[in-house]
Amino acid sequence: MFWISALVSLTAAAYIPEYSTITSRAADQHGKGAYQIEQEVTFRKDSDVYSIKETWQVLNENEMRVTLEGRGPLRGLVSGTIVYHGNSKSLADGGQNVRAIRLGEEWLEPMFYFRSSKWLRNRLVALKIAPPESIQDRPALNSEGEPRYEAPSFLRLSRTGGVVNWAVGIPPTVGIAPTAWFEQDQFVLRKIRTASQVTLKADDYAKFAENMWFPRSRTYTYGPFVVTVNTLSVKSLGKLPAGDTRFKATSLNPARDAVKLPESDALKEFYSRFR
């Protein structure tokens, strides 16, 4: 009976809007001004469980910083701050200098903060989820006999997390392909699968200040690792004062902000690939 009800639901919602409409609506769900988000990252491998508190300050998809704090067995073993600007991150690694590192393709955190439809469309192309032609808007239809709108081949309805989503990616008939799922009703990211078969799921969305929709729970799955991220708090910081430098590498003090991580494959891989 489940597959029948799922088919009815998908058929009843068969109309697929313009791709640009979906990406614009998704961009509108990420609030205004700056935010502070506290979350707990839990690593599990075999019988080992580790936990790190992350305190994020976010202005948009290009301006972020995170401070790390080990919990439980990791207390005192994990610390430091990373500043993100555009396609690079800046950090101090115990020396006297702050160095910049180019971010990899698995830098997915901005998918929950972007406010630009153009940024999203470019990012999905870079992730090999959408084709290059998806960046361009389709010419507007007129009343002079142009063909009716048909959804592009990379956009379809799909069910994940118990809800209907707009799925962006190559149709599943060609195999397991990179795909992003945006919830049909709220236009929030519910799941993304990368070309390297990393899966990130986002669940239990809530609406916070200034129309900020944010998931209370996220799960990264890659190789033998499963990492969960649970949101502790979301706080609006409003409009930052002129001259605020928190999102600049110059705000980092090597003596205070150096990133320290223990020799753990799970932790090092996560913070190398996803942070």
# chains A, B, ... in the order shown; residues from 1 in each chain; ligands from 1

call {"tool": "closest_atom_pairs", "arguments": {"of": "range 18-75 of chain A", "to": "range 268-273 of chain A", "cutoff": "12 Å", "atoms": "only C-alpha atoms", "output": "Markdown table"}}
result
| residue | atom | partner | partner_atom | distance |
| --- | --- | --- | --- | --- |
| A:Val41 | CA | A:Phe270 | CA | 10.3 |
| A:Thr42 | CA | A:Phe270 | CA | 10.9 |
| A:Phe43 | CA | A:Phe270 | CA | 9.1 |
| A:Arg44 | CA | A:Phe270 | CA | 11.6 |
| A:Ile52 | CA | A:Tyr271 | CA | 11.2 |
| A:Glu54 | CA | A:Tyr271 | CA | 11.6 |
| A:Val66 | CA | A:Tyr271 | CA | 11.5 |
| A:Leu68 | CA | A:Tyr271 | CA | 10.6 |

call {"tool": "residues_around", "arguments": {"residues": "range 74-83 of chain A", "least_positions_apart": "6", "cutoff": "9 Å", "atoms": "only C-alpha atoms", "output": "mmCIF file with C-alpha atoms, in the first residue's frame"}}
result
data_model
loop_
_atom_site.group_PDB
_atom_site.id
_atom_site.type_symbol
_atom_site.label_atom_id
_atom_site.label_comp_id
_atom_site.auth_asym_id
_atom_site.auth_seq_id
_atom_site.Cartn_x
_atom_site.Cartn_y
_atom_site.Cartn_z
ATOM 1 C CA TYR A 50 33.687 11.140 20.060
ATOM 2 C CA SER A 51 32.001 14.525 20.390
ATOM 3 C CA ILE A 52 33.044 18.069 19.461
ATOM 4 C CA GLU A 63 31.846 34.342 5.058
ATOM 5 C CA MET A 64 32.014 31.965 8.040
ATOM 6 C CA ARG A 65 34.084 31.009 11.055
ATOM 7 C CA VAL A 66 33.955 28.056 13.432
ATOM 8 C CA THR A 67 35.462 27.499 16.871
ATOM 9 C CA LEU A 68 36.068 23.928 18.062
ATOM 10 C CA LYS A 89 39.897 28.563 4.706
ATOM 11 C CA SER A 90 42.461 30.151 7.003
ATOM 12 C CA LEU A 91 43.848 28.563 10.156
ATOM 13 C CA ALA A 92 46.844 28.475 12.459
ATOM 14 C CA ASP A 93 48.299 24.997 12.952
ATOM 15 C CA ARG A 246 35.600 38.318 12.418
ATOM 16 C CA PHE A 247 35.418 36.797 8.922
ATOM 17 C CA LYS A 248 38.931 37.880 7.959
ATOM 18 C CA ALA A 249 42.078 35.797 8.397
ATOM 19 C CA SER A 251 41.206 38.070 13.131
ATOM 20 C CA LEU A 252 43.052 34.821 13.945
ATOM 21 C CA ARG A 256 45.019 31.480 20.826
ATOM 22 C CA ASP A 257 43.291 30.041 17.754
ATOM 23 C CA ALA A 258 45.627 27.274 16.534
ATOM 24 C CA VAL A 259 43.662 24.195 15.454
ATOM 25 C CA LYS A 260 44.422 21.120 17.546
ATOM 26 C CA LEU A 261 43.074 17.652 16.743
ATOM 27 C CA PRO A 262 44.103 14.244 18.154
ATOM 28 C CA ARG A 275 35.601 21.589 7.372
#

call {"tool": "residues_around", "arguments": {"residues": "range 211-215 of chain A", "least_positions_apart": "3", "cutoff": "9 Å", "atoms": "only C-alpha atoms", "output": "VMD selection string"}}
result
chain A and resid 28 to 32 112 to 113 186 188 190 202 to 208 218 230 to 231 234 236

call {"tool": "residues_around", "arguments": {"residues": "Asp137 in chain A", "least_positions_apart": "2", "cutoff": "10 Å", "atoms": "only C-alpha atoms", "output": "PyMOL selection string"}}
result
chain A and resi 18-21+118+133-135+139-140

call {"tool": "write_last_selection", "arguments": {"atoms": "C-alpha atoms", "output": "PDB file, in the first residue's frame"}}
result
ATOM      1  CA  GLU A  18      11.213  26.347 -13.283  1.00  0.00           C
ATOM      2  CA  TYR A  19      14.647  25.335 -12.000  1.00  0.00           C
ATOM      3  CA  SER A  20      15.411  29.003 -11.341  1.00  0.00           C
ATOM      4  CA  THR A  21      12.276  29.205  -9.200  1.00  0.00           C
ATOM      5  CA  LYS A 118      23.252  32.020  -8.835  1.00  0.00           C
ATOM      6  CA  GLU A 133      23.536  24.740 -19.142  1.00  0.00           C
ATOM      7  CA  SER A 134      21.535  24.821 -15.893  1.00  0.00           C
ATOM      8  CA  ILE A 135      23.309  28.036 -14.906  1.00  0.00           C
ATOM      9  CA  PRO A 139      13.988  32.513 -21.912  1.00  0.00           C
ATOM     10  CA  ALA A 140      10.540  33.636 -20.788  1.00  0.00           C
TER      11      ALA A 140
END

call {"tool": "residues_around", "arguments": {"residues": "Asn165 in chain A", "least_positions_apart": "5", "cutoff": "8 Å", "atoms": "only C-alpha atoms", "output": "ChimeraX atom specification"}}
result
/A:157-160,181-184

call {"tool": "write_last_selection", "arguments": {"atoms": "C-alpha atoms", "output": "PDB file, in the first residue's frame"}}
result
ATOM      1  CA  LEU A 157      10.221  14.570  -8.330  1.00  0.00           C
ATOM      2  CA  SER A 158      11.668  12.090  -5.856  1.00  0.00           C
ATOM      3  CA  ARG A 159      10.828  10.917  -2.356  1.00  0.00           C
ATOM      4  CA  THR A 160      13.423  10.935   0.430  1.00  0.00           C
ATOM      5  CA  TRP A 181      17.118  16.799  -2.977  1.00  0.00           C
ATOM      6  CA  PHE A 182      15.168  19.943  -2.004  1.00  0.00           C
ATOM      7  CA  GLU A 183      11.932  19.513  -0.098  1.00  0.00           C
ATOM      8  CA  GLN A 184       8.904  20.302  -2.243  1.00  0.00           C
TER       9      GLN A 184
END

call {"tool": "closest_residue", "arguments": {"among": "A:Ser196, A:Lys53, A:Ser217, A:Ile16", "to": "Ala167 in chain A", "atoms": "only C-alpha atoms"}}
result
A:Ile16

call {"tool": "closest_residue", "arguments": {"among": "A:Arg216, A:Val49, A:Glu61, A:Thr221", "to": "Ser233 in chain A", "atoms": "only C-alpha atoms"}}
result
A:Arg216

call {"tool": "residues_around", "arguments": {"residues": "Leu200 in chain A", "least_positions_apart": "5", "cutoff": "7 Å", "atoms": "only C-alpha atoms", "output": "count of residues only"}}
result
7

call {"tool": "atom_distance", "arguments": {"atom1": "CA of Asn122 in chain A", "atom2": "CA of Leu59 in chain A"}}
result
19.3 Å

call {"tool": "residues_around", "arguments": {"residues": "Leu103 in chain A", "least_positions_apart": "2", "cutoff": "9 Å", "atoms": "only C-alpha atoms", "output": "PyMOL selection string"}}
result
chain A and resi 84+86-89+101+105-107+273-275

call {"tool": "atom_distance", "arguments": {"atom1": "CA of Val227 in chain A", "atom2": "CA of Arg102 in chain A"}}
result
23.0 Å

call {"tool": "closest_residue", "arguments": {"among": "A:Thr179, A:Gln197, A:Gln96, A:Gln36", "to": "Ala130 in chain A", "atoms": "only C-alpha atoms"}}
result
A:Thr179

call {"tool": "select_by_dssp", "arguments": {"residues": "range 47-145 of chain A", "states": "strand (DSSP E)", "output": "count of residues only"}}
result
39

call {"tool": "closest_residue", "arguments": {"among": "A:Ala195, A:Asp48, A:Pro131, A:Val98", "to": "Ala266 in chain A", "atoms": "only C-alpha atoms"}}
result
A:Asp48

call {"tool": "atom_distance", "arguments": {"atom1": "CA of Asp46 in chain A", "atom2": "CA of Asp265 in chain A"}}
result
12.6 Å
